[in-house]
Amino acid sequence: MRKYPLPLLALLTVSACSQMPPNEGTGNPEVQAPPPAPVMQPAPLPEVALTADLLYRLMAAEMAVQKGQLKVAAAAYLVVARQTQDLRAAKRAAQLAIYARDQVVALEAAELWAALEPESIDAHQSAAALLLSSGRAEEAVEHLEYVLSAGGDTAQSFSMVTNLLNREHDRQRALEIMRRLVEVRRDDPHALYAYGHLAYLFEKHELARHTVERLLIVSPAMSQALVLKANILNKLGEREAALQALDAAVTANPNDNALRLTYARFLVDARQLETARQQFEELAQRLPRNGDVFYALGLLSMQAGDHQQAQNYFEKLLKLGEHTDEAAFALGQLSEMAEDHESALKWYGTVTDGDNLLEARLRTAIIIQRRDGVDAAREYLGALPLEGASAQVRRYLAEVEILRSADRFEESIAVCDRALESHPDNIDLLYARGMSSEKVGRIDLLERDMRAILAIEPDNAQALNALGYTLADRTDRYDEAYQYIKRALQLAPNDPAVIDSMGWVLYRLGRFEDAARELRRALAMQPDGEIAAHLGEVLWVMGHQQEARDVWNQALEYAPEHAILRQVIHRLTE
C-alpha cells in the first residue's frame, strides 16, 4: 500500500489525495482512474481540533479510496464534513460519491458543499444535477438560478442547464423549469436559444419554432438560432423552407463556416448533391485542413461519377492523416469500379479499423473470387477472424453472394441452412435462402422463407415484393400476388423494383394499359434490363411492336448481356 506523508492526512488537506478508480470494489486503483480533483482555492479554516478520532476517520477514508471502496470513503468524508463543516471534506465526499454512484451520499454532500461555499458554481451545478436525477426538480431551481446569475459565460451556463434538464424524465416539468429561468431573461438570446433548443430536443416543435422566432427578433444574425430554425422546420416536414432559411442565413453570414457546413449537409440530405458539392468546395477553400470537408467532397464526387476528382480528395485525406481508413476504403471502391483489382486489394488491405473494416474484407473476397475462383474466395472468408453475430452473418451472406454469382445455388442454400442453425430467424439469411431457392425452381421453399420473414416483420416490403413477384411470375396465383405487391407498394411507393412488380402482376391480370403505365414509371426511375424486358413484352402483346423494339434496343445499350432481356427478345421476335 502506498504510504502518505503525515501532512496529507491532516484535516483540511483532503484535496491532495491520490487518483480514484471509477468503480467501487475493483481493488485496483490503477484501472481507468479518473483525473484528480481540481485544486481548490484556499478557504478559511474552521476552528477544529485534530483529534485522534478525526485523524482516524481521514486515514480510514483514504485507505478505502486506495482499495477502490469509494462508497465507504465517500460516507467517511461526509461524516467528517458534517462534524467539521469544512467545505473541502464535503467536496471530496460529493466527488467520491458521484464516482461511486451513491446518489444519497452525493446529494447530501453536494448540498453541504454548496452551503459552505455558496459562491462555487461547481457546487451549485453538482447539487442541481443530483436533485434533478433524484426527482426533486423544484429544489434544483435555486441552484440553477445561481449558476446562471454567477456564471461569466451565459451561453456556456445555459448550455449546461440544457444538458441537465434534457436528462429529466418528466419533460413537461423540465420545460416549465427552463421557462421560469428564461422568463426573467426574456431578452437574452442565449436564454431563448436554450429554451428553444430544449423544446426541440423534447420534440415540442411548435414551441421550439415560436421560441426561435422570438429569438431571431432579438438577435437576427445568431448563427446557432438560424441552424436551430432550419432543424425545426425540417422536423416539421418543411424541408424546402428549412433550406431557404439556411440559404438566406449563409448569404447574410458568408464567413460563418459552421453555418455553411450545416447548409451543405442539409443539401446532401435533400439529395441536392451538386449544390451541396459547391458549398463543400467553398468550405475547402476556407478550411484547407478540414478532413470532414474533403471526405464529403470525395463521396459527392464519387456519387457524381467524377472518379478522378474523388481520388484526389481521398488522397488528400491520406496526406492530412484524416479519415484514413474511410479514404482507403473509398480508393479501393474506385479501383474496383475501374477493374483495377490489384489496386483495390491493396487499398482494402490498408483498412485497419472503423465501420468499413469488415466491408473491406468482404469486398476483398469478391475480388479474389473474380481473380482466383469461388473456392479461393471461400477459403479466404473462412479464415477471417470475426467476432460477433452481426459480422458472422455478414460473412455468410458474402459467401452466398459469391456462390450465387457462379450459379452454384444449391451450395448457397446449404450455406444459408448452416448459418440459420446458429442464427435462427435472421431475416437477411432467410431472404437469401429464399432467393436462391427460386433459382432452382423451389417456389415452395421461397414462399416458406418469405412467410417466415413476414411473421417476424409483417411490413417487410422486400419480402412482400419478392413473394408477390414470384407468385405472379412463376404461378397462376395472380390475385394473391397482387395483394402482396400492393402492400409492398404502400410501404415503398418510390421503389422501382416494387413498381416493376406491380406492372408485371397487372400484366398477368390482363390490365395491360395499367401495366404499361407502371412499367414506364419504373424504367424512368431506374434504367434496368429486366424492367425494359417487362415493358417491351407488355407493349408487344398490346400490338405496339415498334415501341417494344425501341425500348429493348435502348436497354441493350446499357445492359447488352442481360440474360432476361435477351431471352424475352428471342422468345417474342424469333
# chains A, B, ... in the order shown; residues from 1 in each chain; ligands from 1

call {"tool": "select_by_dssp", "arguments": {"residues": "range 322-544 of chain A", "states": "alpha helix (DSSP H)", "output": "PyMOL selection string"}}
result
chain A and resi 324-337+341-349+357-372+374-382+389-405+409-422+427-439+443-456+461-474+478-491+496-508+512-525+529-541

call {"tool": "closest_residue", "arguments": {"among": "A:Phe314, A:Tyr396, A:Tyr558, A:Phe266", "to": "Ala414 in chain A", "atoms": "only C-alpha atoms"}}
result
A:Tyr396

call {"tool": "residues_around", "arguments": {"residues": "range 457-471 of chain A", "least_positions_apart": "5", "cutoff": "7 Å", "atoms": "only C-alpha atoms", "output": "CSV table (one decimal) with C-alpha atoms, in the first residue's frame"}}
result
chain,number,residue,atom,x,y,z
A,447,GLU,CA,-42.7,-19.0,-50.1
A,450,MET,CA,-40.7,-15.1,-47.2
A,477,ARG,CA,-52.0,-17.1,-58.2
A,478,TYR,CA,-52.2,-13.6,-59.6
A,481,ALA,CA,-49.7,-11.9,-55.8
A,482,TYR,CA,-51.4,-8.6,-56.4
A,484,TYR,CA,-48.7,-8.8,-51.6
A,485,ILE,CA,-47.3,-6.3,-54.2
A,488,ALA,CA,-45.3,-3.6,-50.7
A,491,LEU,CA,-44.7,0.7,-47.9
A,492,ALA,CA,-42.2,1.6,-50.6
A,498,VAL,CA,-41.7,-2.8,-56.4
A,501,SER,CA,-43.5,-6.0,-59.8

call {"tool": "atom_distance", "arguments": {"atom1": "CA of Ser343 in chain A", "atom2": "CA of Leu331 in chain A"}}
result
8.6 Å

call {"tool": "residues_around", "arguments": {"residues": "Leu246 in chain A", "least_positions_apart": "5", "cutoff": "10 Å", "atoms": "only C-alpha atoms", "output": "number ranges by chain"}}
result
A: 223, 226-231, 240-241, 251-252, 259-260, 262-264, 266-267

call {"tool": "residues_around", "arguments": {"residues": "Glu142 in chain A", "least_positions_apart": "5", "cutoff": "12 Å", "atoms": "only C-alpha atoms", "output": "number ranges by chain"}}
result
A: 111, 114, 118, 124-125, 127-129, 131-132, 136-137, 147-149, 177, 180-181

call {"tool": "closest_residue", "arguments": {"among": "A:Asp428, A:Asp122, A:Asp325, A:Glu342", "to": "Ala110 in chain A", "atoms": "only C-alpha atoms"}}
result
A:Asp122

call {"tool": "residues_around", "arguments": {"residues": "range 79-82 of chain A", "least_positions_apart": "3", "cutoff": "12 Å", "atoms": "only C-alpha atoms", "output": "number ranges by chain"}}
result
A: 10-12, 14, 46, 48, 50-51, 53-61, 72-76, 85-94, 105, 108-113, 115-116

call {"tool": "residues_around", "arguments": {"residues": "His210 in chain A", "least_positions_apart": "3", "cutoff": "12 Å", "atoms": "only C-alpha atoms", "output": "PyMOL selection string"}}
result
chain A and resi 192-193+195-197+199-200+204-207+213-217+225+228-229+232-233

call {"tool": "write_last_selection", "arguments": {"atoms": "N, CA and C atoms", "output": "short mmCIF file (atom, residue, chain, number, x, y, z; two decimals), in the first residue's frame"}}
result
data_model
loop_
_atom_site.label_atom_id
_atom_site.label_comp_id
_atom_site.auth_asym_id
_atom_site.auth_seq_id
_atom_site.Cartn_x
_atom_site.Cartn_y
_atom_site.Cartn_z
N LEU A 192 -33.10 32.40 -24.63
CA LEU A 192 -34.13 31.98 -25.59
C LEU A 192 -33.66 30.78 -26.41
N TYR A 193 -32.39 30.79 -26.77
CA TYR A 193 -31.87 29.65 -27.53
C TYR A 193 -31.97 28.37 -26.70
N TYR A 195 -34.08 27.63 -24.32
CA TYR A 195 -35.47 27.19 -24.23
C TYR A 195 -35.92 26.55 -25.54
N GLY A 196 -35.60 27.19 -26.65
CA GLY A 196 -35.97 26.63 -27.95
C GLY A 196 -35.28 25.31 -28.22
N HIS A 197 -34.01 25.24 -27.84
CA HIS A 197 -33.24 24.02 -28.08
C HIS A 197 -33.79 22.87 -27.25
N ALA A 199 -36.87 22.57 -26.12
CA ALA A 199 -38.16 22.20 -26.72
C ALA A 199 -37.94 21.33 -27.96
N TYR A 200 -36.94 21.67 -28.75
CA TYR A 200 -36.61 20.87 -29.94
C TYR A 200 -36.17 19.46 -29.55
N LYS A 204 -41.02 19.11 -29.00
CA LYS A 204 -42.10 20.09 -28.93
C LYS A 204 -41.81 21.15 -30.00
N HIS A 205 -42.04 20.76 -31.25
CA HIS A 205 -41.51 21.54 -32.36
C HIS A 205 -42.23 22.88 -32.55
N GLU A 206 -43.52 22.95 -32.27
CA GLU A 206 -44.21 24.23 -32.42
C GLU A 206 -43.73 25.23 -31.36
N LEU A 207 -43.55 24.75 -30.14
CA LEU A 207 -43.00 25.61 -29.09
C LEU A 207 -41.59 26.05 -29.47
N GLU A 213 -38.34 32.01 -33.22
CA GLU A 213 -38.77 33.22 -33.92
C GLU A 213 -38.64 34.45 -33.03
N ARG A 214 -38.98 34.30 -31.73
CA ARG A 214 -38.74 35.39 -30.77
C ARG A 214 -37.25 35.71 -30.69
N LEU A 215 -36.45 34.66 -30.67
CA LEU A 215 -35.00 34.83 -30.57
C LEU A 215 -34.45 35.60 -31.76
N LEU A 216 -34.93 35.29 -32.96
CA LEU A 216 -34.39 35.94 -34.15
C LEU A 216 -34.83 37.39 -34.26
N ILE A 217 -35.86 37.77 -33.53
CA ILE A 217 -36.20 39.20 -33.44
C ILE A 217 -35.16 39.91 -32.59
N ALA A 225 -29.07 30.11 -33.82
CA ALA A 225 -30.52 30.21 -33.93
C ALA A 225 -30.99 29.88 -35.34
N LEU A 228 -30.85 26.18 -35.71
CA LEU A 228 -31.95 25.58 -34.96
C LEU A 228 -33.26 25.73 -35.71
N LYS A 229 -33.49 26.91 -36.27
CA LYS A 229 -34.72 27.13 -37.04
C LYS A 229 -34.81 26.15 -38.20
N ILE A 232 -35.72 22.73 -36.92
CA ILE A 232 -37.13 22.66 -36.52
C ILE A 232 -38.02 22.53 -37.74
N LEU A 233 -37.77 23.36 -38.75
CA LEU A 233 -38.58 23.30 -39.97
C LEU A 233 -38.46 21.93 -40.63
#

call {"tool": "decode", "arguments": {"residues": "range 427-438 of chain A", "atoms": "all heavy atoms", "output": "PDB file, in the first residue's frame"}}
result
ATOM      1  N   ILE A 427     -33.397 -12.407 -40.693  1.00  0.00           N
ATOM      2  CA  ILE A 427     -34.178 -12.053 -41.876  1.00  0.00           C
ATOM      3  C   ILE A 427     -33.327 -12.032 -43.139  1.00  0.00           C
ATOM      4  O   ILE A 427     -33.756 -12.487 -44.208  1.00  0.00           O
ATOM      5  CB  ILE A 427     -34.874 -10.696 -41.633  1.00  0.00           C
ATOM      6  CG1 ILE A 427     -36.027 -10.886 -40.646  1.00  0.00           C
ATOM      7  CG2 ILE A 427     -35.374 -10.085 -42.938  1.00  0.00           C
ATOM      8  CD1 ILE A 427     -36.686  -9.608 -40.201  1.00  0.00           C
ATOM      9  N   ASP A 428     -32.109 -11.547 -43.043  1.00  0.00           N
ATOM     10  CA  ASP A 428     -31.248 -11.483 -44.233  1.00  0.00           C
ATOM     11  C   ASP A 428     -30.911 -12.882 -44.745  1.00  0.00           C
ATOM     12  O   ASP A 428     -30.879 -13.123 -45.961  1.00  0.00           O
ATOM     13  CB  ASP A 428     -29.969 -10.715 -43.907  1.00  0.00           C
ATOM     14  CG  ASP A 428     -30.232  -9.241 -43.654  1.00  0.00           C
ATOM     15  OD1 ASP A 428     -31.171  -8.703 -44.247  1.00  0.00           O
ATOM     16  OD2 ASP A 428     -29.491  -8.636 -42.862  1.00  0.00           O
ATOM     17  N   LEU A 429     -30.660 -13.798 -43.824  1.00  0.00           N
ATOM     18  CA  LEU A 429     -30.352 -15.172 -44.232  1.00  0.00           C
ATOM     19  C   LEU A 429     -31.574 -15.860 -44.813  1.00  0.00           C
ATOM     20  O   LEU A 429     -31.474 -16.599 -45.805  1.00  0.00           O
ATOM     21  CB  LEU A 429     -29.808 -15.962 -43.038  1.00  0.00           C
ATOM     22  CG  LEU A 429     -28.418 -15.559 -42.551  1.00  0.00           C
ATOM     23  CD1 LEU A 429     -28.099 -16.227 -41.216  1.00  0.00           C
ATOM     24  CD2 LEU A 429     -27.354 -15.933 -43.583  1.00  0.00           C
ATOM     25  N   LEU A 430     -32.732 -15.645 -44.210  1.00  0.00           N
ATOM     26  CA  LEU A 430     -33.962 -16.222 -44.749  1.00  0.00           C
ATOM     27  C   LEU A 430     -34.226 -15.693 -46.158  1.00  0.00           C
ATOM     28  O   LEU A 430     -34.599 -16.463 -47.067  1.00  0.00           O
ATOM     29  CB  LEU A 430     -35.138 -15.883 -43.835  1.00  0.00           C
ATOM     30  CG  LEU A 430     -35.208 -16.628 -42.497  1.00  0.00           C
ATOM     31  CD1 LEU A 430     -36.239 -15.981 -41.583  1.00  0.00           C
ATOM     32  CD2 LEU A 430     -35.539 -18.107 -42.717  1.00  0.00           C
ATOM     33  N   TYR A 431     -34.024 -14.398 -46.355  1.00  0.00           N
ATOM     34  CA  TYR A 431     -34.256 -13.810 -47.667  1.00  0.00           C
ATOM     35  C   TYR A 431     -33.278 -14.381 -48.695  1.00  0.00           C
ATOM     36  O   TYR A 431     -33.676 -14.734 -49.818  1.00  0.00           O
ATOM     37  CB  TYR A 431     -34.128 -12.295 -47.593  1.00  0.00           C
ATOM     38  CG  TYR A 431     -34.500 -11.601 -48.873  1.00  0.00           C
ATOM     39  CD1 TYR A 431     -35.827 -11.295 -49.156  1.00  0.00           C
ATOM     40  CD2 TYR A 431     -33.530 -11.246 -49.808  1.00  0.00           C
ATOM     41  CE1 TYR A 431     -36.177 -10.659 -50.334  1.00  0.00           C
ATOM     42  CE2 TYR A 431     -33.865 -10.612 -50.987  1.00  0.00           C
ATOM     43  CZ  TYR A 431     -35.188 -10.321 -51.246  1.00  0.00           C
ATOM     44  OH  TYR A 431     -35.531  -9.702 -52.434  1.00  0.00           O
ATOM     45  N   ALA A 432     -32.005 -14.482 -48.312  1.00  0.00           N
ATOM     46  CA  ALA A 432     -31.000 -15.017 -49.241  1.00  0.00           C
ATOM     47  C   ALA A 432     -31.326 -16.460 -49.619  1.00  0.00           C
ATOM     48  O   ALA A 432     -31.214 -16.845 -50.795  1.00  0.00           O
ATOM     49  CB  ALA A 432     -29.620 -14.934 -48.598  1.00  0.00           C
ATOM     50  N   ARG A 433     -31.736 -17.264 -48.641  1.00  0.00           N
ATOM     51  CA  ARG A 433     -32.080 -18.659 -48.952  1.00  0.00           C
ATOM     52  C   ARG A 433     -33.302 -18.721 -49.869  1.00  0.00           C
ATOM     53  O   ARG A 433     -33.341 -19.524 -50.813  1.00  0.00           O
ATOM     54  CB  ARG A 433     -32.331 -19.442 -47.671  1.00  0.00           C
ATOM     55  CG  ARG A 433     -32.581 -20.933 -47.919  1.00  0.00           C
ATOM     56  CD  ARG A 433     -32.616 -21.722 -46.636  1.00  0.00           C
ATOM     57  NE  ARG A 433     -33.782 -21.401 -45.814  1.00  0.00           N
ATOM     58  CZ  ARG A 433     -34.044 -21.986 -44.643  1.00  0.00           C
ATOM     59  NH1 ARG A 433     -33.200 -22.901 -44.154  1.00  0.00           N
ATOM     60  NH2 ARG A 433     -35.107 -21.640 -43.944  1.00  0.00           N
ATOM     61  N   GLY A 434     -34.288 -17.870 -49.594  1.00  0.00           N
ATOM     62  CA  GLY A 434     -35.479 -17.868 -50.431  1.00  0.00           C
ATOM     63  C   GLY A 434     -35.169 -17.518 -51.878  1.00  0.00           C
ATOM     64  O   GLY A 434     -35.674 -18.162 -52.807  1.00  0.00           O
ATOM     65  N   MET A 435     -34.323 -16.521 -52.090  1.00  0.00           N
ATOM     66  CA  MET A 435     -33.998 -16.118 -53.456  1.00  0.00           C
ATOM     67  C   MET A 435     -33.192 -17.185 -54.187  1.00  0.00           C
ATOM     68  O   MET A 435     -33.357 -17.386 -55.399  1.00  0.00           O
ATOM     69  CB  MET A 435     -33.244 -14.788 -53.429  1.00  0.00           C
ATOM     70  CG  MET A 435     -34.035 -13.633 -52.809  1.00  0.00           C
ATOM     71  SD  MET A 435     -35.721 -13.466 -53.449  1.00  0.00           S
ATOM     72  CE  MET A 435     -35.402 -12.970 -55.130  1.00  0.00           C
ATOM     73  N   SER A 436     -32.321 -17.890 -53.457  1.00  0.00           N
ATOM     74  CA  SER A 436     -31.594 -18.995 -54.090  1.00  0.00           C
ATOM     75  C   SER A 436     -32.529 -20.155 -54.395  1.00  0.00           C
ATOM     76  O   SER A 436     -32.376 -20.850 -55.415  1.00  0.00           O
ATOM     77  CB  SER A 436     -30.455 -19.469 -53.177  1.00  0.00           C
ATOM     78  OG  SER A 436     -29.437 -18.502 -53.103  1.00  0.00           O
ATOM     79  N   SER A 437     -33.511 -20.386 -53.528  1.00  0.00           N
ATOM     80  CA  SER A 437     -34.478 -21.462 -53.767  1.00  0.00           C
ATOM     81  C   SER A 437     -35.265 -21.209 -55.045  1.00  0.00           C
ATOM     82  O   SER A 437     -35.553 -22.138 -55.819  1.00  0.00           O
ATOM     83  CB  SER A 437     -35.433 -21.567 -52.578  1.00  0.00           C
ATOM     84  OG  SER A 437     -34.734 -21.908 -51.392  1.00  0.00           O
ATOM     85  N   GLU A 438     -35.614 -19.936 -55.283  1.00  0.00           N
ATOM     86  CA  GLU A 438     -36.339 -19.595 -56.507  1.00  0.00           C
ATOM     87  C   GLU A 438     -35.521 -19.932 -57.743  1.00  0.00           C
ATOM     88  O   GLU A 438     -36.057 -20.379 -58.767  1.00  0.00           O
ATOM     89  CB  GLU A 438     -36.692 -18.107 -56.473  1.00  0.00           C
ATOM     90  CG  GLU A 438     -37.561 -17.636 -57.623  1.00  0.00           C
ATOM     91  CD  GLU A 438     -36.748 -17.171 -58.836  1.00  0.00           C
ATOM     92  OE1 GLU A 438     -35.581 -16.801 -58.653  1.00  0.00           O
ATOM     93  OE2 GLU A 438     -37.302 -17.215 -59.956  1.00  0.00           O
TER      94      GLU A 438
END
